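Notes for the one structure printed next.
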Amino acid sequence: MLQKPDFLEKLSEIEMQVLIATFFQAAMAVVYVFITVLFYPIIKIYNRSLAVGYFGFRIIGAGFLFASIGSLLLLLWLSQSFVCANPANSSYFEIVAELLRQGRDFLNHIGMILPWSIGGLILYLCLYKTRLIPSWLSIWGIIGSAFTLIATLILMLNIITIMNPVYFILNAPIAFCELFFAIFLIFRGFNPIDIKTKDRII
């Protein structure tokens, strides 16, 4: 919706959908923080510096995600004001709305994804070295995180746009990897004995 030219006018018509999307985005941000806190002590057992780096990058990413929620609510309020405003002031609303939309794209696709992918590289590298998950899944996560990092960097350089198929292709590997990783954790998880008996990573 936000990529359409008339998004400012149409946004107020789907207020409930926007609020639902906001709720789920907030829930996702909370889950991101929970996962970060969950894995921090596991990584810390092997390498404290990597654990701090992982925790820092992931929390920064979650912070940007929370900020993007506020921008979406501001866009909804602006859309409602735009519908009731004098047509003579439409250009003012359109300029502010475009700034908010661009800001939200930055928060979601650069501010959140960039530190999150760096944190992902650290996480999957540590999981690969400790063999707490299958090697193929760790390697998949490393490659997927690297692809996402590349996609974010070329997006920052305006080589591609968010709607470009290349952007989705580069982000697809880590999306499927995280899905398989979640399934792995649900049905198997980590063995506490394995966590305690693994050698520390230097």
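Chain labels run A, B, ... following the order of the structure tokens; each chain numbers its residues from 1, and ligands are numbered from 1 in the order shown.
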
Give me the residues near Phe147 in chain A as a CSV table (one decimal) with C-alpha atoms, in the first residue's frame, where near means some atom within 7 Å (using only C-alpha atoms) and where sequence neighbours in that chain fewer than 4 positions away do not count.
```
chain,number,residue,atom,x,y,z
A,143,ILE,CA,25.3,-17.4,3.5
A,151,ALA,CA,21.0,-6.6,-0.5
A,170,LEU,CA,18.8,-11.9,-2.0
A,171,ASN,CA,16.6,-11.9,1.2
```

- Could you name the residues that touch range 30-44 of chain A at 9 Å or less, counting only C-alpha atoms, but leaving out those on the same chain fewer than 5 positions away, as an NGL selection string? :A and (25 or 49-52 or 54-55 or 58-59 or 61-62 or 66 or 123 or 126-127 or 195)

Go ahead and save the picked residues with N, CA and C atoms, as a PDB file, in the first residue's frame.
```
ATOM      1  N   GLN A  25       3.625  -6.101  13.981  1.00  0.00           N
ATOM      2  CA  GLN A  25       5.003  -5.622  13.874  1.00  0.00           C
ATOM      3  C   GLN A  25       5.597  -5.415  15.265  1.00  0.00           C
ATOM      4  N   SER A  49      33.190 -11.531  23.605  1.00  0.00           N
ATOM      5  CA  SER A  49      33.208 -10.392  22.675  1.00  0.00           C
ATOM      6  C   SER A  49      32.189 -10.570  21.560  1.00  0.00           C
ATOM      7  N   LEU A  50      32.133 -11.790  21.005  1.00  0.00           N
ATOM      8  CA  LEU A  50      31.147 -12.055  19.959  1.00  0.00           C
ATOM      9  C   LEU A  50      29.730 -11.952  20.512  1.00  0.00           C
ATOM     10  N   ALA A  51      29.538 -12.400  21.733  1.00  0.00           N
ATOM     11  CA  ALA A  51      28.214 -12.328  22.348  1.00  0.00           C
ATOM     12  C   ALA A  51      27.763 -10.881  22.514  1.00  0.00           C
ATOM     13  N   VAL A  52      28.677 -10.020  22.960  1.00  0.00           N
ATOM     14  CA  VAL A  52      28.351  -8.603  23.128  1.00  0.00           C
ATOM     15  C   VAL A  52      28.042  -7.968  21.766  1.00  0.00           C
ATOM     16  N   TYR A  54      26.959  -9.538  19.025  1.00  0.00           N
ATOM     17  CA  TYR A  54      25.673 -10.089  18.594  1.00  0.00           C
ATOM     18  C   TYR A  54      24.515  -9.384  19.284  1.00  0.00           C
ATOM     19  N   PHE A  55      24.611  -9.271  20.615  1.00  0.00           N
ATOM     20  CA  PHE A  55      23.535  -8.650  21.392  1.00  0.00           C
ATOM     21  C   PHE A  55      23.339  -7.192  20.980  1.00  0.00           C
ATOM     22  N   ARG A  58      21.774  -6.861  17.374  1.00  0.00           N
ATOM     23  CA  ARG A  58      20.379  -7.292  17.328  1.00  0.00           C
ATOM     24  C   ARG A  58      19.452  -6.328  18.080  1.00  0.00           C
ATOM     25  N   ILE A  59      19.904  -5.780  19.192  1.00  0.00           N
ATOM     26  CA  ILE A  59      19.087  -4.829  19.943  1.00  0.00           C
ATOM     27  C   ILE A  59      18.937  -3.523  19.157  1.00  0.00           C
ATOM     28  N   GLY A  61      18.917  -3.302  15.906  1.00  0.00           N
ATOM     29  CA  GLY A  61      17.941  -3.610  14.865  1.00  0.00           C
ATOM     30  C   GLY A  61      16.522  -3.599  15.391  1.00  0.00           C
ATOM     31  N   ALA A  62      16.314  -4.179  16.578  1.00  0.00           N
ATOM     32  CA  ALA A  62      14.982  -4.185  17.182  1.00  0.00           C
ATOM     33  C   ALA A  62      14.524  -2.771  17.515  1.00  0.00           C
ATOM     34  N   PHE A  66      11.062  -0.926  16.291  1.00  0.00           N
ATOM     35  CA  PHE A  66      10.087  -0.234  17.136  1.00  0.00           C
ATOM     36  C   PHE A  66       9.847   1.188  16.622  1.00  0.00           C
ATOM     37  N   LEU A 123      25.874 -14.904  14.946  1.00  0.00           N
ATOM     38  CA  LEU A 123      25.134 -16.018  15.538  1.00  0.00           C
ATOM     39  C   LEU A 123      25.425 -17.326  14.821  1.00  0.00           C
ATOM     40  N   CYS A 126      28.996 -18.642  15.220  1.00  0.00           N
ATOM     41  CA  CYS A 126      29.199 -19.286  16.516  1.00  0.00           C
ATOM     42  C   CYS A 126      28.517 -20.653  16.572  1.00  0.00           C
ATOM     43  N   LEU A 127      27.326 -20.745  16.015  1.00  0.00           N
ATOM     44  CA  LEU A 127      26.620 -22.029  16.008  1.00  0.00           C
ATOM     45  C   LEU A 127      27.344 -23.046  15.138  1.00  0.00           C
ATOM     46  N   ILE A 195      25.776 -27.769  25.591  1.00  0.00           N
ATOM     47  CA  ILE A 195      26.146 -26.360  25.775  1.00  0.00           C
ATOM     48  C   ILE A 195      27.251 -26.231  26.818  1.00  0.00           C
TER      49      ILE A 195
END
```

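If only C-alpha atoms are the atoms counted, then among A:Leu75, A:Ile142, A:Leu132, A:Met156 the closest residue to Ile113 in chain A is A:Met156.
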
- Item | Per-residue DSSP, range 83-166 of chain A, filtered to alpha helix (DSSP H), as a VMD selection string | chain A and resid 83 to 84 90 to 106 113 to 130 135 to 156 165 to 166

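Residues within 10 Å of Phe181 in chain A, counting only C-alpha atoms and excluding same-chain residues fewer than 6 positions away, are A:Ile133, A:Pro134, A:Leu137, A:Ser138, A:Gly141, A:Ile174, A:Ala175, A:Gly189.
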
- Interatomic distance, CA of Ser145 in chain A to CA of Ile118 in chain A (Å, one decimal): 7.2 Å

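Nearest to Phe168 in chain A of all the residues A:Gly144, A:Gly63, A:Gly120, A:Gly111 is A:Gly144, counting only C-alpha atoms.
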